[in-house]
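Reproduced below: upload_21.txt, with compact mmCIF, C-alpha atoms and all ligand atoms.
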```
# COMPACT_ATOMS: atom_id res chain seq x y z
CA MET A 1 126.52 89.26 -207.02
CA ALA A 2 123.51 91.01 -205.57
CA THR A 3 122.64 94.49 -204.39
CA ALA A 4 121.94 95.11 -200.71
CA ARG A 5 118.25 95.28 -201.56
CA GLU A 6 118.42 91.94 -203.34
CA TYR A 7 119.86 90.28 -200.24
CA LEU A 8 116.59 91.10 -198.51
CA ALA A 9 113.82 88.52 -199.02
CA ASP A 10 111.08 91.05 -199.59
CA TRP A 11 108.58 88.26 -200.28
CA MET A 12 108.86 87.43 -196.54
CA MET A 13 107.79 90.92 -195.46
CA PRO A 14 106.30 92.16 -193.24
CA HIS A 15 108.79 90.89 -190.69
CA MET A 16 107.76 89.90 -187.17
CA TRP A 17 110.06 92.23 -185.24
CA CYS A 18 108.59 94.87 -182.94
CA SER A 19 108.91 98.47 -184.05
CA GLY A 20 112.07 99.93 -182.54
CA CYS A 21 113.82 96.54 -182.32
CA GLY A 22 117.53 96.71 -183.15
CA ASN A 23 117.44 93.56 -185.31
CA GLY A 24 116.47 95.41 -188.51
CA ILE A 25 119.49 97.70 -188.16
CA VAL A 26 121.85 94.71 -188.02
CA LEU A 27 120.06 93.01 -190.92
CA GLY A 28 120.41 96.14 -193.07
CA ALA A 29 124.11 96.39 -192.24
CA LEU A 30 124.64 92.74 -193.11
CA CYS A 31 122.90 93.11 -196.50
CA ARG A 32 125.04 96.15 -197.34
CA VAL A 33 128.26 94.39 -196.34
CA LEU A 34 127.48 91.28 -198.42
CA ALA A 35 126.75 93.50 -201.42
CA GLU A 36 130.02 95.42 -200.91
CA LEU A 37 131.95 92.17 -200.76
CA GLY A 38 130.42 91.18 -204.09
CA LEU A 39 129.43 87.74 -202.88
CA GLY A 40 126.83 85.79 -204.80
CA ARG A 41 123.76 84.67 -202.89
CA ASN A 42 124.66 81.04 -203.56
CA GLU A 43 128.15 81.60 -202.10
CA VAL A 44 126.77 82.62 -198.71
CA VAL A 45 125.09 80.36 -196.15
CA ILE A 46 123.40 81.76 -193.07
CA THR A 47 122.73 79.46 -190.13
CA THR A 48 120.47 80.34 -187.24
CA GLY A 49 118.94 78.80 -184.15
CA ILE A 50 115.73 80.12 -182.57
CA GLY A 51 114.84 83.58 -181.32
CA CYS A 52 113.83 86.96 -182.70
CA TRP A 53 117.27 87.55 -184.26
CA GLY A 54 117.24 83.89 -185.26
CA LYS A 55 114.50 84.83 -187.75
CA ALA A 56 117.05 86.85 -189.74
CA ASP A 57 117.72 84.03 -192.19
CA ASP A 58 114.03 84.07 -193.20
CA TYR A 59 114.46 87.66 -194.32
CA MET A 60 117.55 87.06 -196.44
CA SER A 61 117.77 85.63 -199.93
CA THR A 62 120.98 83.66 -199.36
CA SER A 63 121.07 79.93 -198.71
CA ALA A 64 120.20 79.21 -195.09
CA PHE A 65 119.84 76.56 -192.43
CA HIS A 66 117.37 77.31 -189.65
CA GLY A 67 118.14 74.89 -186.84
CA THR A 68 117.14 74.32 -183.25
CA HIS A 69 117.78 76.70 -180.34
CA GLY A 70 121.50 77.16 -179.63
CA ARG A 71 122.68 75.02 -182.52
CA ALA A 72 123.57 77.50 -185.29
CA LEU A 73 127.31 76.92 -184.84
CA PRO A 74 127.39 73.11 -185.19
CA ALA A 75 125.39 73.46 -188.42
CA ALA A 76 127.73 76.20 -189.65
CA THR A 77 130.76 74.06 -188.79
CA GLY A 78 129.43 71.11 -190.77
CA ILE A 79 128.58 73.28 -193.77
CA LYS A 80 132.02 74.92 -193.78
CA CYS A 81 133.83 71.58 -193.50
CA GLY A 82 131.66 70.14 -196.26
CA ASN A 83 132.35 73.03 -198.62
CA PRO A 84 135.18 75.34 -197.51
CA ASN A 85 134.53 77.66 -200.48
CA LEU A 86 131.30 78.89 -198.91
CA THR A 87 131.09 82.03 -196.79
CA VAL A 88 129.30 80.84 -193.67
CA LEU A 89 127.69 83.12 -191.10
CA ALA A 90 126.03 81.99 -187.87
CA LEU A 91 123.49 84.54 -186.60
CA MET A 92 122.51 84.16 -182.95
CA GLY A 93 120.87 85.99 -180.10
CA ASP A 94 122.56 86.10 -176.70
CA GLY A 95 120.27 83.35 -175.43
CA ASP A 96 120.85 81.27 -178.52
CA GLY A 97 124.58 81.86 -178.94
CA ALA A 98 125.82 82.47 -175.44
CA THR A 99 123.43 80.75 -173.04
CA ILE A 100 121.86 77.55 -174.38
CA GLY A 101 124.49 77.53 -177.15
CA GLY A 102 127.38 78.78 -175.02
CA ASN A 103 129.29 75.54 -175.16
CA HIS A 104 129.22 75.57 -178.96
CA LEU A 105 130.46 79.13 -178.93
CA ILE A 106 133.56 78.46 -176.85
CA HIS A 107 134.42 75.29 -178.72
CA SER A 108 133.97 76.93 -182.14
CA ALA A 109 136.37 79.65 -181.00
CA ARG A 110 138.84 77.10 -179.63
CA ARG A 111 138.62 75.02 -182.80
CA ASN A 112 139.05 78.17 -184.89
CA ILE A 113 136.70 77.10 -187.60
CA ASP A 114 136.66 79.61 -190.46
CA LEU A 115 133.29 81.29 -190.16
CA THR A 116 131.68 84.46 -188.86
CA ALA A 117 129.50 84.44 -185.76
CA ILE A 118 127.31 87.48 -185.13
CA VAL A 119 125.63 87.58 -181.74
CA VAL A 120 122.99 90.27 -181.42
CA ASN A 121 123.03 90.85 -177.69
CA ASN A 122 119.82 92.42 -176.43
CA TYR A 123 120.52 91.20 -172.89
CA ASN A 124 117.45 88.99 -172.67
CA TYR A 125 115.40 86.24 -174.31
CA GLY A 126 113.31 88.49 -176.52
CA MET A 127 111.19 85.92 -178.33
CA THR A 128 109.87 84.09 -175.27
CA GLY A 129 108.96 87.16 -173.23
CA GLY A 130 112.10 88.78 -171.87
CA GLN A 131 113.57 86.25 -169.47
CA TYR A 132 117.15 86.78 -168.30
CA SER A 133 119.98 85.24 -170.29
CA GLY A 134 123.70 84.71 -169.66
CA THR A 135 124.44 88.29 -170.72
CA THR A 136 121.81 90.10 -168.64
CA PRO A 137 123.86 92.45 -166.46
CA ALA A 138 123.80 91.78 -162.71
CA GLY A 139 120.99 93.65 -161.04
CA LYS A 140 118.99 94.31 -164.20
CA ARG A 141 115.31 93.53 -164.35
CA THR A 142 113.76 90.95 -166.61
CA THR A 143 110.52 88.99 -166.45
CA THR A 144 112.35 86.23 -164.53
CA SER A 145 114.35 88.62 -162.36
CA PRO A 146 111.74 91.20 -161.37
CA ALA A 147 113.82 92.34 -158.40
CA GLY A 148 117.04 92.39 -160.40
CA ASN A 149 119.27 89.67 -161.85
CA PRO A 150 121.18 87.95 -159.02
CA GLU A 151 123.70 86.41 -161.45
CA ARG A 152 126.75 88.05 -163.00
CA GLU A 153 126.82 88.43 -166.75
CA PHE A 154 129.21 87.06 -169.33
CA ASP A 155 131.41 89.54 -171.17
CA LEU A 156 131.00 87.64 -174.42
CA CYS A 157 133.97 89.17 -176.20
CA ARG A 158 136.27 88.25 -173.33
CA VAL A 159 134.90 84.71 -173.21
CA VAL A 160 135.38 84.17 -176.94
CA ALA A 161 138.84 85.78 -176.93
CA ALA A 162 139.92 83.59 -174.01
CA ALA A 163 138.69 80.53 -175.92
CA GLY A 164 141.08 81.40 -178.76
CA ALA A 165 139.14 83.28 -181.45
CA PRO A 166 141.52 85.19 -183.72
CA TYR A 167 139.02 87.99 -184.43
CA VAL A 168 136.76 89.52 -181.80
CA ALA A 169 134.90 92.81 -182.08
CA ARG A 170 131.97 94.69 -180.60
CA ALA A 171 129.66 97.40 -181.88
CA THR A 172 126.18 98.64 -181.02
CA VAL A 173 123.17 99.37 -183.20
CA TYR A 174 123.85 103.07 -182.64
CA HIS A 175 127.34 102.76 -184.18
CA VAL A 176 126.25 101.52 -187.60
CA THR A 177 129.33 102.54 -189.61
CA LEU A 178 131.59 100.80 -187.11
CA MET A 179 129.31 97.76 -187.12
CA GLU A 180 129.49 97.46 -190.90
CA ARG A 181 133.28 97.79 -190.92
CA LEU A 182 133.66 95.12 -188.24
CA ILE A 183 131.23 92.69 -189.90
CA LYS A 184 133.05 93.17 -193.21
CA GLU A 185 136.44 92.48 -191.62
CA ALA A 186 135.04 89.49 -189.78
CA ILE A 187 133.73 87.93 -192.99
CA GLN A 188 137.10 88.50 -194.67
CA LYS A 189 139.03 87.08 -191.71
CA LYS A 190 140.41 83.56 -192.01
CA GLY A 191 139.36 81.71 -188.88
CA PHE A 192 136.63 82.09 -186.27
CA ALA A 193 135.52 85.71 -186.35
CA PHE A 194 133.14 86.92 -183.68
CA VAL A 195 131.16 90.16 -183.68
CA GLU A 196 128.90 91.09 -180.79
CA VAL A 197 126.33 93.76 -181.59
CA ALA A 198 124.70 95.29 -178.53
CA SER A 199 121.09 95.87 -179.51
CA GLY A 200 117.84 97.15 -178.12
CA CYS A 201 114.81 95.10 -177.15
CA PRO A 202 112.53 97.98 -176.16
CA THR A 203 109.56 95.64 -175.73
CA HIS A 204 111.05 93.76 -172.78
CA TYR A 205 114.52 94.76 -171.60
CA GLY A 206 114.15 98.49 -172.22
CA ARG A 207 110.70 98.75 -170.69
CA LEU A 208 111.63 96.77 -167.56
CA ASN A 209 114.82 98.75 -167.02
CA LYS A 210 113.27 102.17 -167.51
CA ILE A 211 114.98 102.82 -170.84
CA VAL A 212 111.59 103.32 -172.38
CA GLY A 213 111.22 103.38 -176.15
CA PRO A 214 113.61 102.93 -179.09
CA VAL A 215 115.01 106.47 -178.92
CA LYS A 216 115.98 106.11 -175.26
CA MET A 217 117.61 102.78 -176.08
CA MET A 218 119.68 104.43 -178.80
CA GLU A 219 120.70 107.23 -176.45
CA TRP A 220 121.71 104.60 -173.91
CA PHE A 221 124.04 102.94 -176.42
CA ARG A 222 125.41 106.30 -177.54
CA ASP A 223 126.15 107.34 -173.96
CA SER A 224 127.39 104.06 -172.47
CA ALA A 225 129.66 102.77 -175.26
CA VAL A 226 133.36 103.58 -175.03
CA ARG A 227 135.65 103.35 -178.07
CA LEU A 228 138.61 101.02 -177.57
CA GLY A 229 141.54 102.92 -176.09
CA GLN A 230 139.38 105.83 -174.99
CA GLY A 231 138.42 104.65 -171.53
CA GLU A 232 137.01 101.83 -169.46
CA GLY A 233 133.50 100.48 -169.15
CA PRO A 234 131.33 97.45 -169.68
CA LEU A 235 130.59 98.38 -173.29
CA VAL A 236 133.96 98.83 -174.97
CA ILE A 237 133.43 98.89 -178.75
CA GLY A 238 135.83 98.32 -181.63
CA LYS A 239 138.17 95.59 -182.79
CA LEU A 240 139.36 93.82 -179.64
CA VAL A 241 141.38 90.91 -181.11
CA ASP A 242 142.91 90.45 -184.56
CA GLU A 243 145.52 87.69 -184.83
CA ASP A 244 146.68 85.36 -187.57
CA VAL A 245 146.66 81.72 -186.52
CA PRO A 246 146.08 78.60 -188.66
CA ASP A 247 142.42 77.72 -188.78
CA PHE A 248 140.93 74.28 -188.20
CA LEU A 249 140.87 73.15 -191.83
CA GLU A 250 144.48 74.25 -192.42
CA ARG A 251 145.63 72.27 -189.38
CA TYR A 252 143.50 69.31 -190.37
CA GLU A 253 144.93 69.21 -193.90
CA ALA A 254 148.49 69.52 -192.53
CA LEU A 255 147.88 66.57 -190.20
CA ARG A 256 146.41 64.51 -193.02
CA ALA A 257 149.46 65.22 -195.16
CA ASN A 258 151.77 64.17 -192.28
CA THR A 259 149.72 61.04 -191.68
CA ALA A 260 150.12 60.08 -195.34
CA VAL A 261 153.92 60.52 -195.06
CA ASP A 262 154.03 58.47 -191.81
CA THR A 263 151.93 55.69 -193.31
CA GLU A 264 154.20 55.51 -196.36
CA ARG A 265 157.31 55.36 -194.13
CA ASP A 266 155.86 52.79 -191.68
CA THR A 267 154.30 50.46 -194.20
CA GLY A 268 156.33 51.11 -197.32
CA ARG A 269 153.04 51.76 -199.11
C1 LIG B 301 115.79 73.76 -176.36
C2 LIG B 301 114.89 74.96 -176.32
N1 LIG B 301 114.76 75.63 -175.16
C3 LIG B 301 113.98 76.73 -175.12
C4 LIG B 301 113.30 77.15 -176.25
C5 LIG B 301 112.41 78.35 -176.17
N2 LIG B 301 113.00 79.53 -176.75
C6 LIG B 301 112.74 79.89 -178.02
S1 LIG B 301 113.47 81.34 -178.44
C7 LIG B 301 114.17 81.47 -176.90
C8 LIG B 301 114.97 82.67 -176.50
C9 LIG B 301 115.69 83.37 -177.59
O1 LIG B 301 116.45 84.40 -177.04
P1 LIG B 301 117.73 84.96 -177.75
O2 LIG B 301 118.53 83.88 -178.33
O3 LIG B 301 118.43 85.88 -176.82
O4 LIG B 301 117.15 85.74 -179.00
P2 LIG B 301 116.18 87.00 -179.10
O5 LIG B 301 114.81 86.43 -179.19
O6 LIG B 301 116.40 87.85 -177.91
O7 LIG B 301 116.63 87.64 -180.37
C10 LIG B 301 113.82 80.40 -176.09
C11 LIG B 301 114.24 80.23 -174.68
C12 LIG B 301 113.48 76.42 -177.44
N3 LIG B 301 112.91 76.80 -178.58
N4 LIG B 301 114.28 75.33 -177.45
S1 LIG B 302 110.70 91.05 -178.45
FE1 LIG B 302 112.52 92.37 -178.37
S2 LIG B 302 114.07 91.30 -179.61
FE2 LIG B 302 112.06 90.42 -180.13
S3 LIG B 302 111.36 91.60 -181.90
FE3 LIG B 302 110.50 92.57 -180.08
S4 LIG B 302 111.98 94.19 -179.56
FE4 LIG B 302 113.01 92.76 -180.94
```

Could you spell out this file's structure in structure tokens?
Ligand SMILES: Cc1ncc(C[n+]2csc(CCOP(=O)(O)OP(=O)(O)O)c2C)c(N)n1
Ligand code: SF4
Amino acid sequence: MATAREYLADWMMPHMWCSGCGNGIVLGALCRVLAELGLGRNEVVITTGIGCWGKADDYMSTSAFHGTHGRALPAATGIKCGNPNLTVLALMGDGDGATIGGNHLIHSARRNIDLTAIVVNNYNYGMTGGQYSGTTPAGKRTTTSPAGNPEREFDLCRVVAAAGAPYVARATVYHVTLMERLIKEAIQKKGFAFVEVASGCPTHYGRLNKIVGPVKMMEWFRDSAVRLGQGEGPLVIGKLVDEDVPDFLERYEALRANTAVDTERDTGR
């Protein structure tokens, strides 16, 4: 067991995130949740790809695997299958998890592997200079869409829910209490649990879309998010899916048991 403070790798400070970036808020929430759950640092494995949020594993004292861009989920899947007793979390940006790694995201949801995926969606590729990603809303400005994004965006929660994830939730960095509750539930959920956290990248996305500075970004989340059941909008927050379905390893073990019975019947061995 460790305290929230002990989950933070203070020997890695100072971190590289810009002031006003939402990543630190999510990292703090994650450390508090892990401490509340009473998990030991050697019971938790964080996997990441590349990106500003993908640096999160460097700042945590748990075990970690820092992989290539878009590949946090395959690594997490392998680790979970190798040792199902571990609590495995894949931390990804929207570019990492939903654009270059989008195929892994839908297949992890379909497979229903028992892990927690947290996508910090800042609506752009923060680390490489603010290019548009698969979640950049149509019409919004980025460094690669200076006149506005001509493509439509993914609603990540809907994509992951349609692919079969039994737990899907969304919060923003403004709604910290909700975020912590959802991350905690997701970690406790058996099966593929997905939490999207809408977050601010004031350096690129905010500046280019005239939401200038961290405070304005926070006000934007406060004013544009709608609690589930309290209205419509592109940023509905709360628990969107919570179902109980057998996860991948349960189904795999059941099939193995059946195969053993069949083999015995067919061969007499
Ligand atoms: C295969 C590959 N393509 C592109 C890159 C360059 N690259 C590094 S980080 C990144 C974007 C990360 O954006 P996102 O995942 O949204 O995270 P953020 O930085 O916004 O937190 C890109 C394109 C790379 N490292 N590897
Ligand atoms: S570039 Fe954006 S996402 Fe990256 S650290 Fe700075 S504010 Fe955060």

Within 10 Å of ligand LIG 301 (chain B), which residues of chain A come that close, and what is the closest atom pair and distance in Å for each? Count only C-alpha atoms and all ligand atoms and give it as JSON lines.
```
{"residue": "A:Trp17", "atom": "CA", "partner": "B:LIG301", "partner_atom": "O7", "distance": 9.4}
{"residue": "A:Cys21", "atom": "CA", "partner": "B:LIG301", "partner_atom": "O7", "distance": 9.5}
{"residue": "A:Gly22", "atom": "CA", "partner": "B:LIG301", "partner_atom": "O7", "distance": 9.5}
{"residue": "A:Asn23", "atom": "CA", "partner": "B:LIG301", "partner_atom": "O7", "distance": 7.8}
{"residue": "A:Thr48", "atom": "CA", "partner": "B:LIG301", "partner_atom": "O2", "distance": 9.8}
{"residue": "A:Gly49", "atom": "CA", "partner": "B:LIG301", "partner_atom": "O2", "distance": 7.7}
{"residue": "A:Ile50", "atom": "CA", "partner": "B:LIG301", "partner_atom": "S1", "distance": 4.9}
{"residue": "A:Gly51", "atom": "CA", "partner": "B:LIG301", "partner_atom": "O5", "distance": 3.6}
{"residue": "A:Cys52", "atom": "CA", "partner": "B:LIG301", "partner_atom": "O5", "distance": 3.7}
{"residue": "A:Trp53", "atom": "CA", "partner": "B:LIG301", "partner_atom": "O7", "distance": 3.9}
{"residue": "A:Gly54", "atom": "CA", "partner": "B:LIG301", "partner_atom": "O7", "distance": 6.2}
{"residue": "A:Lys55", "atom": "CA", "partner": "B:LIG301", "partner_atom": "O7", "distance": 8.2}
{"residue": "A:Ala56", "atom": "CA", "partner": "B:LIG301", "partner_atom": "O7", "distance": 9.4}
{"residue": "A:Gly67", "atom": "CA", "partner": "B:LIG301", "partner_atom": "N3", "distance": 10.0}
{"residue": "A:Thr68", "atom": "CA", "partner": "B:LIG301", "partner_atom": "N4", "distance": 6.5}
{"residue": "A:His69", "atom": "CA", "partner": "B:LIG301", "partner_atom": "N4", "distance": 4.7}
{"residue": "A:Gly70", "atom": "CA", "partner": "B:LIG301", "partner_atom": "C1", "distance": 7.4}
{"residue": "A:Arg71", "atom": "CA", "partner": "B:LIG301", "partner_atom": "C1", "distance": 9.3}
{"residue": "A:Leu91", "atom": "CA", "partner": "B:LIG301", "partner_atom": "O2", "distance": 9.7}
{"residue": "A:Met92", "atom": "CA", "partner": "B:LIG301", "partner_atom": "O2", "distance": 6.1}
{"residue": "A:Gly93", "atom": "CA", "partner": "B:LIG301", "partner_atom": "O2", "distance": 3.6}
{"residue": "A:Asp94", "atom": "CA", "partner": "B:LIG301", "partner_atom": "O3", "distance": 4.1}
{"residue": "A:Gly95", "atom": "CA", "partner": "B:LIG301", "partner_atom": "O2", "distance": 3.4}
{"residue": "A:Asp96", "atom": "CA", "partner": "B:LIG301", "partner_atom": "O2", "distance": 3.5}
{"residue": "A:Gly97", "atom": "CA", "partner": "B:LIG301", "partner_atom": "O2", "distance": 6.4}
{"residue": "A:Ala98", "atom": "CA", "partner": "B:LIG301", "partner_atom": "O2", "distance": 8.0}
{"residue": "A:Thr99", "atom": "CA", "partner": "B:LIG301", "partner_atom": "O2", "distance": 7.9}
{"residue": "A:Ile100", "atom": "CA", "partner": "B:LIG301", "partner_atom": "N1", "distance": 7.4}
{"residue": "A:Gly101", "atom": "CA", "partner": "B:LIG301", "partner_atom": "O2", "distance": 8.8}
{"residue": "A:Val119", "atom": "CA", "partner": "B:LIG301", "partner_atom": "O2", "distance": 8.7}
{"residue": "A:Val120", "atom": "CA", "partner": "B:LIG301", "partner_atom": "O7", "distance": 7.0}
{"residue": "A:Asn121", "atom": "CA", "partner": "B:LIG301", "partner_atom": "O3", "distance": 6.8}
{"residue": "A:Asn122", "atom": "CA", "partner": "B:LIG301", "partner_atom": "O6", "distance": 5.9}
{"residue": "A:Tyr123", "atom": "CA", "partner": "B:LIG301", "partner_atom": "O3", "distance": 6.9}
{"residue": "A:Asn124", "atom": "CA", "partner": "B:LIG301", "partner_atom": "O3", "distance": 5.3}
{"residue": "A:Tyr125", "atom": "CA", "partner": "B:LIG301", "partner_atom": "O1", "distance": 3.5}
{"residue": "A:Gly126", "atom": "CA", "partner": "B:LIG301", "partner_atom": "O6", "distance": 3.4}
{"residue": "A:Met127", "atom": "CA", "partner": "B:LIG301", "partner_atom": "O5", "distance": 3.8}
{"residue": "A:Thr128", "atom": "CA", "partner": "B:LIG301", "partner_atom": "C7", "distance": 5.3}
{"residue": "A:Gly129", "atom": "CA", "partner": "B:LIG301", "partner_atom": "C8", "distance": 8.2}
{"residue": "A:Gly130", "atom": "CA", "partner": "B:LIG301", "partner_atom": "O6", "distance": 7.5}
{"residue": "A:Gln131", "atom": "CA", "partner": "B:LIG301", "partner_atom": "C11", "distance": 8.0}
{"residue": "A:Tyr132", "atom": "CA", "partner": "B:LIG301", "partner_atom": "O3", "distance": 8.7}
{"residue": "A:Ser133", "atom": "CA", "partner": "B:LIG301", "partner_atom": "O3", "distance": 6.7}
{"residue": "A:Gly134", "atom": "CA", "partner": "B:LIG301", "partner_atom": "O3", "distance": 9.0}
{"residue": "A:Thr135", "atom": "CA", "partner": "B:LIG301", "partner_atom": "O3", "distance": 8.9}
{"residue": "A:Thr136", "atom": "CA", "partner": "B:LIG301", "partner_atom": "O3", "distance": 9.8}
{"residue": "A:Ser199", "atom": "CA", "partner": "B:LIG301", "partner_atom": "O7", "distance": 9.4}
{"residue": "A:Gly200", "atom": "CA", "partner": "B:LIG301", "partner_atom": "O6", "distance": 9.4}
{"residue": "A:Cys201", "atom": "CA", "partner": "B:LIG301", "partner_atom": "O6", "distance": 7.5}
{"residue": "A:His204", "atom": "CA", "partner": "B:LIG301", "partner_atom": "O6", "distance": 9.5}
{"residue": "A:Tyr205", "atom": "CA", "partner": "B:LIG301", "partner_atom": "O6", "distance": 9.5}
```

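Near (135.9, 79.0, -178.9), the residues inside the 8 Å limit, counting all atoms listed in the file, come to His104, Leu105, Ile106, His107, Ser108, Ala109, Arg110, Arg111, Asn112, Val160, Ala161, Ala162, Ala163, Gly164 and Ala165 of chain A.
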
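You will find atom CA of A:Phe65 at 10.5 Å from atom CA of A:Val88.
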
Mind working out the centre and edge lengths of an axis-aligned box for stretch 60-67 of chain A, all listed atoms inside, 5 Å added to each side, rounded to one decimal in Å and written as JSON?
```
{"center_x": 119.2, "center_y": 81.0, "center_z": -193.4, "size_x": 13.7, "size_y": 22.2, "size_z": 23.1}
```

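Nearest to ligand LIG 302 (chain B) of all the residues A:Pro14, A:Pro214, A:Gly78, A:Gly231 is A:Pro214, based on all atoms listed in the file.
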
**OP:** For atom CA of A:Ser63 and atom CA of A:Leu89, determine how far apart the two atoms are, in Å to one decimal place.
**Re:** 10.6 Å

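You will find atom CA of A:Ile183 at 24.6 Å from atom CA of A:Pro137.
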
Subject >> Neighbour list for A:Val236 as a list in words, cut-off 7 Å, all atoms listed in the file, skip fewer than 2 positions in-chain >> reply: Ala225, Val226, Arg227, Leu228, Glu232, Gly233, Pro234 and Gly238 of chain A

Pull C-alpha atoms from the residues just selected and write them as a compact mmCIF listing (two decimals), in the coordinates of the input.
```txt
# COMPACT_ATOMS: atom_id res chain seq x y z
CA ALA A 225 129.66 102.77 -175.26
CA VAL A 226 133.36 103.58 -175.03
CA ARG A 227 135.65 103.35 -178.07
CA LEU A 228 138.61 101.02 -177.57
CA GLU A 232 137.01 101.83 -169.46
CA GLY A 233 133.50 100.48 -169.15
CA PRO A 234 131.33 97.45 -169.68
CA GLY A 238 135.83 98.32 -181.63
```

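Counting only C-alpha atoms, the residue from A:Ser145, A:Lys140, A:Gln188, A:Thr172 that sits nearest to A:Phe221 is A:Thr172.
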
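In this comparison, which uses only C-alpha atoms and all ligand atoms, the residue of A:Ile187, A:Met1, A:Cys18, A:Ile211 approaching ligand LIG 302 (chain B) most closely is A:Cys18.
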
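The residue that comes closest to ligand LIG 302 (chain B), out of A:Leu115, A:Val261, A:Cys81, A:Val212 and on the basis of all atoms listed in the file, is A:Val212.
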
Original post:
Do you know which residues lie at most 9 Å from (129.7, 91.2, -180.8), with coordinates as in the file and only C-alpha atoms counted, and could you write them as a PyMOL selection string?
Top reply: chain A and resi 117-121+156-157+168-172+194-198+237

Original post:
Could you pull the residues within 7 Å of A:Leu8, counting only C-alpha atoms, minus those fewer than 6 positions along the same chain, as a PyMOL selection string?
Top reply: chain A and resi 31+59-61

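The environment of A:Gly40 within 7 Å, counting all atoms listed in the file and disregarding residues fewer than 2 places along the same chain, consists of Met1, Ala2, Gly38, Asn42, Glu43 and Val44 of chain A.
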